Each structure stands twice: as C-alpha cells, then as structure tokens.
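Dropping entry-v2.cif in here (mmCIF, C-alpha atoms):
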```cif
data_work
loop_
_atom_site.label_atom_id
_atom_site.label_comp_id
_atom_site.auth_asym_id
_atom_site.auth_seq_id
_atom_site.Cartn_x
_atom_site.Cartn_y
_atom_site.Cartn_z
CA MET A 1 73.37 125.85 103.46
CA TYR A 2 74.59 123.06 101.24
CA THR A 3 74.04 119.50 102.46
CA VAL A 4 76.92 117.07 101.90
CA GLN A 5 76.05 113.47 101.08
CA ASN A 6 78.66 111.59 103.15
CA GLU A 7 79.16 111.63 106.91
CA PRO A 8 82.98 111.36 106.72
CA VAL A 9 82.97 114.62 104.75
CA SER A 10 80.72 116.34 107.31
CA GLN A 11 83.00 115.21 110.15
CA ARG A 12 86.20 116.27 108.41
CA ILE A 13 84.81 119.73 107.63
CA GLU A 14 84.57 120.30 111.40
CA SER A 15 88.10 119.02 112.03
CA TYR A 16 91.38 120.92 112.19
CA CYS A 17 93.00 117.87 110.55
CA ARG A 18 91.93 118.49 106.96
CA THR A 19 93.39 119.39 103.58
CA TRP A 20 91.35 121.01 100.82
CA ARG A 21 91.81 121.02 97.07
CA LEU A 22 90.11 123.05 94.33
CA TRP A 23 88.81 121.44 91.17
CA ILE A 24 87.68 123.27 88.01
CA GLU A 25 86.37 121.56 84.92
CA ASN A 26 84.67 122.07 81.59
CA ALA A 27 84.27 120.02 78.42
CA GLU A 28 87.97 120.46 77.66
CA GLY A 29 89.20 118.83 80.86
CA VAL A 30 89.94 119.14 84.57
CA ILE A 31 92.44 121.19 86.55
CA SER A 32 92.81 120.23 90.21
CA GLY A 33 95.15 119.21 93.01
CA ASP A 34 98.46 121.02 93.40
CA SER A 35 97.95 122.79 90.06
CA ILE A 36 95.63 125.31 91.79
CA MET A 37 98.01 127.00 94.18
CA SER A 38 95.76 129.51 95.92
CA ALA A 39 92.40 131.22 95.55
CA ASP A 40 90.01 133.59 97.21
CA SER A 41 86.32 134.28 96.62
CA SER A 42 83.95 137.20 97.05
CA MET A 43 80.19 136.82 97.52
CA GLN A 44 77.61 139.43 98.56
CA ALA A 45 73.89 139.69 99.24
CA THR A 46 74.01 143.49 99.23
CA SER A 47 75.60 146.07 96.96
CA LEU A 48 75.76 148.54 99.85
CA SER A 49 78.84 148.75 102.04
CA ASP A 50 76.97 149.44 105.25
CA ASP A 51 73.44 148.05 105.15
CA ILE A 52 71.19 145.15 104.25
CA GLU A 53 69.36 145.71 100.97
CA LEU A 54 66.19 144.64 99.22
CA GLY A 55 66.67 143.70 95.58
CA ALA A 56 70.45 143.47 95.52
CA VAL A 57 71.69 141.45 92.53
CA CYS A 58 75.40 140.83 92.98
CA SER A 59 77.81 138.73 90.93
CA GLN A 60 80.13 136.33 92.76
CA SER A 61 83.76 135.77 91.84
CA TRP A 62 86.95 133.81 92.47
CA ASN A 63 90.57 134.87 92.03
CA MET A 64 92.85 131.88 91.39
CA THR A 65 96.55 131.30 90.92
CA ILE A 66 97.20 128.25 88.74
CA SER A 67 100.50 126.68 87.71
CA ASP A 68 99.41 126.29 84.11
CA THR A 69 100.62 128.77 81.51
CA GLU A 70 99.63 126.69 78.47
CA THR A 71 95.83 126.63 78.77
CA ALA A 72 93.84 129.50 77.26
CA PHE A 73 91.32 130.36 80.01
CA LEU A 74 89.84 133.70 78.96
CA GLY A 75 86.14 133.58 78.11
CA LYS A 76 85.72 129.93 79.06
CA GLU A 77 83.24 128.69 81.66
CA TYR A 78 84.18 126.31 84.46
CA ASP A 79 82.33 124.36 87.12
CA THR A 80 84.16 124.89 90.40
CA TYR A 81 84.38 122.47 93.34
CA LEU A 82 86.16 122.04 96.64
CA TYR A 83 87.01 118.61 97.98
CA LEU A 84 88.74 117.13 101.00
CA VAL A 85 91.82 114.95 100.56
CA ASP A 86 91.55 111.32 101.61
CA TYR A 87 94.83 110.82 103.50
CA GLU A 88 94.90 107.08 102.81
CA THR A 89 94.56 107.29 99.03
CA ASP A 90 95.50 110.95 98.37
CA GLY A 91 92.25 111.06 96.39
CA ILE A 92 88.85 112.64 97.04
CA LEU A 93 87.41 111.85 100.47
CA ALA A 94 84.28 109.68 100.01
CA GLY A 95 84.39 110.62 96.32
CA GLU A 96 82.45 113.82 97.11
CA LYS A 97 83.16 117.20 95.59
CA ILE A 98 81.30 120.25 96.96
CA PRO A 99 80.00 122.48 94.14
CA MET A 100 80.99 126.14 94.57
CA GLY A 101 79.52 127.61 91.40
CA ARG A 102 79.88 128.04 87.65
CA PHE A 103 82.20 130.83 86.59
CA THR A 104 83.53 132.43 83.41
CA CYS A 105 87.14 133.54 83.19
CA VAL A 106 86.96 137.33 82.66
CA LYS A 107 90.65 138.14 83.28
CA SER A 108 93.84 136.13 82.78
CA LYS A 109 97.38 137.32 83.51
CA LYS A 110 100.50 135.19 83.20
CA SER A 111 103.42 135.78 85.55
CA GLY A 112 106.45 133.50 85.66
CA GLY A 113 105.29 129.92 85.87
CA SER A 114 101.74 130.67 86.90
CA VAL A 115 98.61 132.45 85.72
CA GLN A 116 96.26 134.66 87.77
CA LEU A 117 92.62 134.24 86.87
CA THR A 118 89.51 136.22 87.74
CA MET A 119 86.43 134.05 87.45
CA ALA A 120 82.93 135.55 87.66
CA ASP A 121 79.39 134.24 87.35
CA ARG A 122 77.11 135.31 84.51
CA LEU A 123 75.70 138.28 86.46
CA TYR A 124 79.06 139.90 85.74
CA PHE A 125 77.62 140.67 82.29
CA SER A 126 74.28 142.03 83.55
CA ASP A 127 75.20 145.73 83.46
CA LYS A 128 74.31 145.88 79.77
CA PRO A 129 71.05 147.61 78.74
CA TYR A 130 68.01 145.37 78.88
CA VAL A 131 66.33 145.04 75.47
CA PRO A 132 63.31 142.70 75.80
CA HIS A 133 63.17 139.70 73.49
CA ILE A 134 59.56 139.18 74.51
CA PRO A 135 56.43 141.26 73.85
CA MET A 136 55.66 143.93 76.43
CA PRO A 137 53.78 144.34 78.68
CA ASN A 138 54.33 140.89 80.18
CA TRP A 139 54.39 139.01 83.48
CA ASN A 140 57.36 139.30 85.83
CA LYS A 141 58.24 135.62 85.36
CA ALA A 142 58.48 136.07 81.59
CA VAL A 143 60.78 139.08 82.04
CA GLU A 144 62.97 137.22 84.52
CA ASP A 145 63.15 134.23 82.17
CA ASP A 146 64.06 136.52 79.27
CA ILE A 147 66.92 138.17 81.14
CA CYS A 148 68.26 134.81 82.31
CA ARG A 149 68.26 133.50 78.74
CA GLN A 150 70.14 136.56 77.52
CA LEU A 151 72.74 136.08 80.25
CA GLY A 152 73.12 132.36 79.60
CA LEU A 153 71.54 131.45 82.95
CA GLN A 154 68.81 129.05 83.95
CA ASN A 155 66.05 130.63 86.02
CA GLY A 156 66.03 128.55 89.19
CA ASN A 157 63.01 130.25 90.78
CA ASP A 158 59.96 128.01 91.10
CA TYR A 159 56.84 130.02 90.33
CA THR A 160 54.57 127.02 90.84
CA GLU A 161 55.53 126.45 94.47
CA VAL A 162 52.66 126.93 96.91
CA ARG A 163 53.64 128.42 100.26
CA LEU A 164 52.01 128.85 103.62
CA LEU A 165 51.71 132.53 104.47
CA ARG A 166 53.35 133.32 107.80
CA ASP A 167 53.83 136.38 109.95
CA LYS A 168 57.23 137.73 111.05
CA ASN A 169 57.32 135.25 113.96
CA GLY A 170 56.79 132.26 111.68
CA ARG A 171 53.16 131.67 112.68
CA ARG A 172 50.70 130.61 109.98
CA LEU A 173 48.34 133.33 108.80
CA ILE A 174 44.64 132.47 109.16
CA ASP A 175 41.69 134.39 107.73
CA LYS A 176 38.63 135.48 109.74
CA ASN A 177 36.94 132.16 108.97
CA GLY A 178 39.80 130.13 110.41
CA LYS A 179 41.23 128.99 107.06
CA VAL A 180 44.98 128.70 106.63
CA LEU A 181 46.19 131.16 103.98
CA TYR A 182 48.37 129.99 101.11
CA SER A 183 50.11 131.91 98.37
CA LYS A 184 51.97 131.27 95.15
CA TYR A 185 54.90 133.41 94.09
CA PHE A 186 53.89 136.99 93.40
CA TYR A 187 52.79 137.44 89.80
CA PHE A 188 52.58 141.00 88.55
CA LYS A 189 52.56 142.76 85.20
CA VAL A 190 55.62 144.60 83.96
CA SER A 191 53.99 147.31 81.91
CA SER A 192 57.10 148.69 80.24
CA VAL A 193 60.88 148.85 80.57
CA PRO A 194 62.39 152.10 81.91
CA LYS A 195 64.73 153.91 79.53
CA ASP A 196 68.39 152.85 79.74
CA VAL A 197 67.65 150.27 82.45
CA THR A 198 70.20 147.45 82.72
CA MET A 199 69.50 143.75 83.10
CA ARG A 200 70.85 143.93 86.67
CA GLN A 201 68.46 146.78 87.51
CA MET A 202 65.48 144.89 86.07
CA LEU A 203 66.35 141.78 88.07
CA SER A 204 66.66 144.03 91.11
CA TYR A 205 63.15 145.44 90.60
CA LEU A 206 61.72 141.94 90.23
CA ALA A 207 63.55 140.72 93.35
CA SER A 208 62.70 143.67 95.60
CA ALA A 209 59.01 143.41 94.64
CA GLN A 210 59.09 139.98 96.29
CA GLY A 211 61.16 141.05 99.31
CA GLU A 212 64.30 139.22 98.21
CA PHE A 213 67.77 139.59 96.70
CA GLY A 214 69.15 137.69 93.70
CA TYR A 215 72.31 135.73 93.01
CA VAL A 216 73.65 132.77 91.04
CA ASP A 217 73.70 129.56 93.08
CA ARG A 218 76.18 126.69 93.21
CA TYR A 219 74.71 125.12 90.07
CA GLY A 220 74.78 128.20 87.87
CA LYS A 221 71.08 128.99 88.33
CA TYR A 222 69.69 132.45 89.06
CA VAL A 223 67.74 132.35 92.35
CA ARG A 224 66.19 134.73 94.86
CA LYS A 225 66.02 134.45 98.62
CA TRP A 226 65.68 136.28 101.91
CA TYR A 227 67.25 135.47 105.24
CA GLY A 228 65.63 132.63 107.19
CA LYS A 229 66.33 130.60 110.30
CA SER A 230 69.81 129.90 111.61
CA VAL A 231 71.54 126.98 109.90
CA LYS A 232 74.50 126.55 112.25
CA THR A 233 75.95 127.70 115.58
CA LEU A 234 79.52 129.02 115.71
CA ASP A 235 81.60 129.35 118.86
CA ASN A 236 85.07 130.50 119.84
CA ASN A 237 86.56 127.08 119.07
CA THR A 238 86.36 127.69 115.32
CA ILE A 239 86.33 131.48 114.95
CA ASP A 240 88.29 134.46 116.20
CA LEU A 241 86.38 136.76 118.55
CA PRO A 242 83.89 138.63 116.32
CA THR A 243 83.20 142.32 116.18
CA LEU A 244 79.53 142.84 117.10
CA SER A 245 77.29 145.90 117.16
CA GLU A 246 76.19 147.09 120.59
CA ARG A 247 72.53 146.54 119.77
CA GLN A 248 70.41 144.73 117.25
CA ASN A 249 69.29 146.16 113.96
CA VAL A 250 65.52 145.73 113.59
CA ILE A 251 63.58 146.43 110.39
CA VAL A 252 60.70 148.61 111.56
CA GLY A 253 59.57 150.07 108.24
CA ILE A 254 59.97 150.16 104.47
CA ILE A 255 59.74 153.05 102.01
CA CYS A 256 59.50 152.44 98.27
CA LYS A 257 59.77 155.20 95.68
CA VAL A 258 57.56 154.14 92.77
CA SER A 259 57.87 157.35 90.75
CA GLU A 260 58.59 161.04 91.23
CA ASP A 261 55.02 161.48 92.44
CA VAL A 262 54.34 158.19 94.23
CA THR A 263 55.99 156.81 97.36
CA LEU A 264 54.61 153.87 99.34
CA SER A 265 55.49 152.97 102.90
CA LEU A 266 54.59 150.57 105.69
CA GLY A 267 55.57 150.30 109.32
CA VAL A 268 57.50 153.03 111.12
CA THR A 269 59.28 155.52 108.89
CA ASP A 270 61.13 157.33 111.69
CA THR A 271 64.72 156.11 111.31
CA THR A 272 65.47 156.81 114.98
CA GLN A 273 63.14 153.93 115.90
CA GLY A 274 65.05 151.25 113.97
CA ARG A 275 66.07 150.26 110.48
CA VAL A 276 63.92 151.62 107.67
CA LEU A 277 64.68 150.04 104.30
CA GLU A 278 64.39 152.48 101.41
CA PHE A 279 64.45 151.42 97.77
CA GLU A 280 63.05 152.26 94.32
CA ASN A 281 60.75 150.05 92.28
CA PRO A 282 58.52 151.33 89.46
CA TYR A 283 56.39 148.15 89.63
CA MET A 284 55.58 148.26 93.34
CA THR A 285 51.94 148.20 94.38
CA GLU A 286 50.31 148.42 97.80
CA SER A 287 49.41 144.72 97.76
CA LEU A 288 52.97 143.70 96.83
CA LEU A 289 54.39 145.93 99.56
CA GLN A 290 52.02 144.46 102.14
CA SER A 291 52.97 140.92 101.13
CA LEU A 292 56.71 141.47 101.39
CA TRP A 293 56.31 143.46 104.63
CA ARG A 294 54.66 140.45 106.29
CA ARG A 295 57.84 138.48 105.62
CA ILE A 296 60.60 140.97 106.39
CA GLY A 297 59.01 143.25 109.00
CA GLY A 298 60.68 142.83 112.38
CA PHE A 299 63.71 141.02 110.98
CA SER A 300 66.60 141.59 113.39
CA TRP A 301 70.34 140.97 113.31
CA TYR A 302 73.66 142.13 114.71
CA THR A 303 76.16 143.96 112.54
CA THR A 304 79.10 141.57 112.61
CA GLU A 305 82.54 140.84 111.29
CA LEU A 306 84.16 137.51 112.05
CA TYR A 307 87.02 135.33 110.87
CA HIS A 308 86.09 131.66 110.56
CA ARG A 309 89.29 129.69 110.97
CA LEU A 310 87.58 126.47 109.86
CA GLY A 311 86.02 127.91 106.71
CA ASP A 312 82.86 125.97 105.87
CA PRO A 313 82.12 125.70 102.12
CA ARG A 314 78.57 124.56 102.89
CA PHE A 315 77.64 128.15 103.76
CA ASP A 316 75.69 130.11 101.18
CA ILE A 317 75.20 133.83 100.90
CA GLY A 318 71.96 134.69 102.71
CA ASP A 319 72.32 131.92 105.30
CA VAL A 320 71.92 132.88 108.95
CA VAL A 321 74.39 131.59 111.55
CA THR A 322 74.29 131.97 115.32
CA TYR A 323 77.33 132.99 117.33
CA THR A 324 77.43 132.01 120.98
CA ASN A 325 80.05 132.97 123.55
CA GLY A 326 78.69 130.54 126.11
CA THR A 327 76.40 133.13 127.67
CA ASP A 328 74.73 135.11 124.90
CA SER A 329 73.72 134.24 121.35
CA TYR A 330 73.64 136.48 118.27
CA ASP A 331 71.95 135.81 114.91
CA ILE A 332 74.15 136.80 111.99
CA PRO A 333 72.79 136.91 108.41
CA ILE A 334 75.63 136.28 105.97
CA THR A 335 75.58 139.33 103.70
CA ASN A 336 79.25 139.02 102.71
CA LEU A 337 81.24 135.80 102.47
CA GLY A 338 84.80 135.39 101.30
CA PHE A 339 86.79 132.16 101.28
CA THR A 340 90.59 131.97 101.27
CA PHE A 341 92.12 128.74 99.95
CA ASP A 342 95.76 127.67 100.15
CA GLY A 343 95.42 124.00 101.01
CA GLY A 344 93.55 125.09 104.09
CA LEU A 345 90.25 126.96 103.97
CA SER A 346 89.21 129.97 106.02
CA ALA A 347 86.38 132.47 105.62
CA ASP A 348 85.60 136.09 106.35
CA ILE A 349 81.93 136.47 107.25
CA SER A 350 80.09 139.71 107.80
CA ALA A 351 76.61 141.02 108.36
CA VAL A 352 76.47 144.65 107.30
CA GLY A 353 74.37 147.23 109.09
CA LEU A 354 74.52 150.85 110.13
CA SER A 355 76.59 151.61 113.21
CA VAL A 356 74.93 152.64 116.45
CA GLU A 357 76.04 156.25 115.86
CA GLU A 358 74.48 156.29 112.39
CA GLN A 359 71.14 155.14 113.81
CA LEU A 360 70.94 157.85 116.46
#
```

Go ahead and express the file in the form of structure tokens.
Amino acid sequence: MYTVQNEPVSQRIESYCRTWRLWIENAEGVISGDSIMSADSSMQATSLSDDIELGAVCSQSWNMTISDTETAFLGKEYDTYLYLVDYETDGILAGEKIPMGRFTCVKSKKSGGSVQLTMADRLYFSDKPYVPHIPMPNWNKAVEDDICRQLGLQNGNDYTEVRLLRDKNGRRLIDKNGKVLYSKYFYFKVSSVPKDVTMRQMLSYLASAQGEFGYVDRYGKYVRKWYGKSVKTLDNNTIDLPTLSERQNVIVGIICKVSEDVTLSLGVTDTTQGRVLEFENPYMTESLLQSLWRRIGGFSWYTTELYHRLGDPRFDIGDVVTYTNGTDSYDIPITNLGFTFDGGLSADISAVGLSVEEQL
C-alpha cells in the first residue's frame, strides 16, 4: 500500500467530499485536469480467472478518454498520477500527486473531439521469445536483469536484502542450537533456456521459484511479491455489500512439475482437503520448494468480489485488506483491482478462488 506524504491528502481520500484528477506526463509535456475526461484501469496478480497463482506475471493497463486530438500518443511512454483537487485554489491538494505507474500508449483511436487511449506497462511486450543477451548458464538474478533490460524496465528486486526466516504464522525460525535463521533472496542457476520460451514465461519461472508473482510497480520497476498482512480495514460505510465465499480457501499443498519425469510436492496433495497450488517450473529443486512452502503454506483467504465506492489509489495489487461487517472479519488478498475515474474514483476489488462446489 502506497504511503501518502501529507495528512490532508490522507484525510480527503477517506472523505465523500473529494474530486480527483488524472495527470500524465513525459518529456514533451503534461496533460491533466479536465482534459482527461474518464479512465479505467485493470491490474491483476493472477492470470487465472478463478484461482490464486504462483508465478503470475501480468501487465497492468489504463484506458483513457482525452479531449486532445492533436497530440500523437502512440508508442510514447507516460508517467501517470492521480491527485485531489484543492477546493480553495483549484490546484493540487498539498501539492501531492499519487504515482499510478509508467505506461506506454499501445492503442490510440480518435472519435469526434476526443481520443481513446490504451496504455500498458512494459510487460505488455513480454510475450516475445526470450533470447539471452548474457552467457548461459547463469544465475537467476542475471537472467531477470537481462529480461528487464530487454523490456526497458529497471529490476526493482533487492537481492542483497537479508531477511528473517519465518513460519506460516509469522514466528521466527530457530535452528536446533537456538540461533535465529536468516536468508538472502534465493539464488539458483538457470542452466539453459527452454525452446520457444517467452520473456513472460521466464519471469514466471523465476518468480514461482521464490513463491511470488511479478508485476511493474508505480515507479516503472519490475518487482515480485506475495500476499502479507492486512493493510486496511473496509466496512459497509465505504463499500457495497461484498460477495464472499462460504468458507475460507486454505493452501494445504503445492505440486510442481519440473519435467515430464519429475514432479515435486509438499504438504497435502488431496484437493478435497483444501487448495493445492499446481504449477510448472523447470528450475525447481527440493530446497527451493521447501523454502517457498514455509512462506505460503497455510495461507488462507475468502473468495471475494466487492465494489469500493471510495476508491483508494493507495492500494496495490497483492495488498491484503480486511472486511468487517461489525461481527465477523474476512481477509481479502487483492488479486484483481480496477479503478474507474470520472472526477470521482471507485474501485472493483476481487480475490479469486475456486467456488465451494469446485473444491468438493
């Protein structure tokens, strides 16, 4: 979840008395205010329509209607922001713009006095075959860096960060001698590149090996993450009544197909006992699988669809929010997030997952 820098902005985000504006800019100039008439966005942490996924690498996009038929948009890259209107000056409240991402115009259609744009991040171009520009075999970081360079992205993943190892309940892992266990990001060798593999597929393999999914963040950097603790509580004052699954989804096992002859698994593999995540990764090893299982095993959530009347642009894909009806609380990982802008801002939020019938 993005952190705004000014308290007046935080307060106004939570208020029904607010007006939003979009702002896009590049080296050629700025388009903002009433010139951007309407827009909607699409962001996902899974490429599946009905389930959470390890290793998903999804591009994010915006569709915009702009009252500007003179500018040539196609192929140009823009930094995109939302800001709140200061009612006293008609300017930007507290001078703060909230970054929403860096996008390239991939479609442009003029109609009457306006133009309809489709803006996508650089992962939009990742379905091309991956041809290494580095010697192989090589380390996973080098491969990830290479793909990012080819896509025009900065790799925002910190491979030097030291982390405490924790179990699924957040408790620190301690060895038999009582020492706290630490770990750096998982380094592993990529021996070769599968035939006809795309850049998106390679990024997916690298992400799933670390128990994460990949996306481009607000600053145009490629990052990986997995769902963590709840960042905000939502109630019926700001959302319409959500659609919730009858029972929780719980990850009880994982199955990874390494090759035609090798399949690795951990936990319970009986799908009637809970959610079993299945995926393919030619670079998976037993030690990698054990490491990622310690972090995602037991993860639970409710399949949810909700309409957030007070759309909050601080939310990121992969955040977890909590819905409370005053009696019960439900943790909802944001797997799909779509904003609708027309001067106001609303959001459709969902957490995908198999239905109760599909799990029986």

Worksheet item: Can you list, as a ChimeraX atom specification, every protein, DNA or RNA residue that comes within 12 Å of Val9 in chain A when you count all atoms listed in the file, leaving out same-chain residues fewer than 2 positions away?
Response: /A:3-7,11-15,18-20,82-86,92-98,312-314

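Proximity ranking of A:Tyr130, A:Tyr219, A:Tyr227, A:Tyr78 relative to Val193 in chain A places A:Tyr130 first, based on all atoms listed in the file.
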
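Here the PyMOL selection byres ((chain A and resi 61) around 7) matches the residues Ser41, Ser42, Met43, Ser59, Gln60, Trp62, Asn63, Met119, Ala120 and Asp121 of chain A.
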
Item to complete: Name every residue that the PyMOL selection byres ((chain A and resi 231) around 8) selects in this structure, writing the answer as a ChimeraX atom specification with chains first and numbers rising.
Response: /A:1,229-230,232-233,319-322

Item to complete: To verify the selection step, state as JSON, numbers by chain which residues the PyMOL selection byres ((chain A and resi 212) around 9) yields on this input.
Response: {"A": [53, 54, 55, 56, 204, 206, 207, 208, 209, 210, 211, 213, 214, 224, 225, 226, 227, 292]}

Worksheet item: Of the residues A:Trp301, A:Tyr215, A:Tyr307, A:Phe339, which is the one nearest to Ile239 in chain A, using all atoms listed in the file?
Response: A:Tyr307

Fill in: Atomic separation - CA of Ser245 in chain A relative to CA of Thr324 in chain A, Å
14.4 Å

Worksheet entry | Interatomic distance (Å, one decimal) between CA of Glu246 in chain A and CA of Leu310 in chain A |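 Rounded to one decimal, the two atoms are 25.9 Å apart.
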
Fill in: Point-to-point distance from CA of Thr46 in chain A to CA of Arg247 in chain A, Å rounded to tenths
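Computing it gives 20.8 Å between the two atoms.
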
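The closest residue to Tyr330 in chain A, picked from A:Ile317, A:Leu234, A:Ile52, A:Arg295 and counting all atoms listed in the file, is A:Leu234.
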
Worksheet item: Neighbours of Lys141 in chain A within 8 Å (only C-alpha atoms; same-chain residues fewer than 2 positions away dropped), as a ChimeraX atom specification?
Response: /A:139,143-145,159,187

Quick one: residues within 12 Å of Tyr124 in chain A, all atoms listed in the file counted, chain neighbours fewer than 2 positions away excluded, as a compact mmCIF listing (two decimals) with C-alpha atoms, in the coordinates of the input?
```
# COMPACT_ATOMS: atom_id res chain seq x y z
CA VAL A 57 71.69 141.45 92.53
CA CYS A 58 75.40 140.83 92.98
CA SER A 59 77.81 138.73 90.93
CA GLN A 60 80.13 136.33 92.76
CA SER A 61 83.76 135.77 91.84
CA PHE A 103 82.20 130.83 86.59
CA THR A 104 83.53 132.43 83.41
CA CYS A 105 87.14 133.54 83.19
CA VAL A 106 86.96 137.33 82.66
CA LYS A 107 90.65 138.14 83.28
CA THR A 118 89.51 136.22 87.74
CA MET A 119 86.43 134.05 87.45
CA ALA A 120 82.93 135.55 87.66
CA ASP A 121 79.39 134.24 87.35
CA ARG A 122 77.11 135.31 84.51
CA SER A 126 74.28 142.03 83.55
CA ASP A 127 75.20 145.73 83.46
CA LYS A 128 74.31 145.88 79.77
CA LEU A 151 72.74 136.08 80.25
CA GLY A 152 73.12 132.36 79.60
CA LEU A 153 71.54 131.45 82.95
CA MET A 199 69.50 143.75 83.10
CA ARG A 200 70.85 143.93 86.67
CA TYR A 215 72.31 135.73 93.01
CA VAL A 216 73.65 132.77 91.04
```

Worksheet item: So which residues touch range 270-284 of chain A within 8 Å, counting all atoms listed in the file, skipping near sequence neighbours fewer than 2 positions away, as number ranges by chain?
Response: A: 53-54, 189-190, 205, 208-209, 249-259, 268, 286, 288-289, 359-360

Worksheet item: Which of these, A:Ser10, A:Met136, A:Thr285, A:Ile66, has the shortest distance to Asp342 in chain A once you count all atoms listed in the file?
Response: A:Ile66

Range 94-100 of chain A: axis-aligned bounding box, 6 Å on each side, centre and edge lengths in Å, one decimal, as JSON:
```
{"center_x": 82.2, "center_y": 117.9, "center_z": 97.1, "size_x": 16.4, "size_y": 28.5, "size_z": 17.9}
```

Worksheet item: What residues have an atom no more than 12 Å from (82.0, 136.7, 123.1) in the file's own frame, counting all atoms listed in the file, and can you write them as a count of residues only?
Response: 22

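Using all atoms listed in the file, the smallest distance between any of A:Thr65, A:Asp196, A:Gly178, A:Ser265 and Pro129 in chain A comes from A:Asp196.
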
Give me, as an mmCIF file with C-alpha atoms, in the frame of the given file, all polymer residues having an atom no more than 10 Å from Val115 in chain A, counting all atoms listed in the file and skipping those fewer than 6 positions away in the same chain.
```cif
data_model
loop_
_atom_site.group_PDB
_atom_site.id
_atom_site.type_symbol
_atom_site.label_atom_id
_atom_site.label_comp_id
_atom_site.auth_asym_id
_atom_site.auth_seq_id
_atom_site.Cartn_x
_atom_site.Cartn_y
_atom_site.Cartn_z
ATOM 1 C CA ILE A 36 95.630 125.310 91.790
ATOM 2 C CA MET A 64 92.850 131.880 91.390
ATOM 3 C CA THR A 65 96.550 131.300 90.920
ATOM 4 C CA ILE A 66 97.200 128.250 88.740
ATOM 5 C CA SER A 67 100.500 126.680 87.710
ATOM 6 C CA ASP A 68 99.410 126.290 84.110
ATOM 7 C CA THR A 69 100.620 128.770 81.510
ATOM 8 C CA GLU A 70 99.630 126.690 78.470
ATOM 9 C CA THR A 71 95.830 126.630 78.770
ATOM 10 C CA PHE A 73 91.320 130.360 80.010
ATOM 11 C CA SER A 108 93.840 136.130 82.780
ATOM 12 C CA LYS A 109 97.380 137.320 83.510
#
```

Rebuild range 247-262 of chain A so that it carries N, CA and C atoms, then output the result as a CSV table (one decimal), in the frame of the given file.
```csv
chain,number,residue,atom,x,y,z
A,247,ARG,N,73.9,146.9,119.7
A,247,ARG,CA,72.5,146.5,119.8
A,247,ARG,C,72.1,146.0,118.4
A,248,GLN,N,70.9,145.3,118.5
A,248,GLN,CA,70.4,144.7,117.2
A,248,GLN,C,69.9,145.8,116.3
A,249,ASN,N,70.0,145.4,115.0
A,249,ASN,CA,69.3,146.2,114.0
A,249,ASN,C,67.9,145.5,113.9
A,250,VAL,N,66.9,146.3,113.8
A,250,VAL,CA,65.5,145.7,113.6
A,250,VAL,C,64.8,146.5,112.5
A,251,ILE,N,64.3,145.8,111.5
A,251,ILE,CA,63.6,146.4,110.4
A,251,ILE,C,62.2,146.8,110.9
A,252,VAL,N,62.0,148.1,111.0
A,252,VAL,CA,60.7,148.6,111.6
A,252,VAL,C,59.8,149.2,110.5
A,253,GLY,N,60.4,149.5,109.3
A,253,GLY,CA,59.6,150.1,108.2
A,253,GLY,C,60.2,150.0,106.9
A,254,ILE,N,59.4,150.2,105.8
A,254,ILE,CA,60.0,150.2,104.5
A,254,ILE,C,59.4,151.3,103.7
A,255,ILE,N,60.2,151.9,102.9
A,255,ILE,CA,59.7,153.0,102.0
A,255,ILE,C,60.2,152.7,100.6
A,256,CYS,N,59.2,152.7,99.7
A,256,CYS,CA,59.5,152.4,98.3
A,256,CYS,C,59.1,153.6,97.4
A,257,LYS,N,60.1,154.1,96.6
A,257,LYS,CA,59.8,155.2,95.7
A,257,LYS,C,59.4,154.5,94.4
A,258,VAL,N,58.1,154.7,94.0
A,258,VAL,CA,57.6,154.1,92.8
A,258,VAL,C,57.8,155.1,91.6
A,259,SER,N,57.6,156.3,91.8
A,259,SER,CA,57.9,157.4,90.8
A,259,SER,C,58.2,158.7,91.4
A,260,GLU,N,58.3,159.7,90.6
A,260,GLU,CA,58.6,161.0,91.2
A,260,GLU,C,57.4,161.5,92.1
A,261,ASP,N,56.2,161.0,91.8
A,261,ASP,CA,55.0,161.5,92.4
A,261,ASP,C,54.4,160.5,93.4
A,262,VAL,N,54.9,159.2,93.4
A,262,VAL,CA,54.3,158.2,94.2
A,262,VAL,C,55.4,157.5,95.1
```
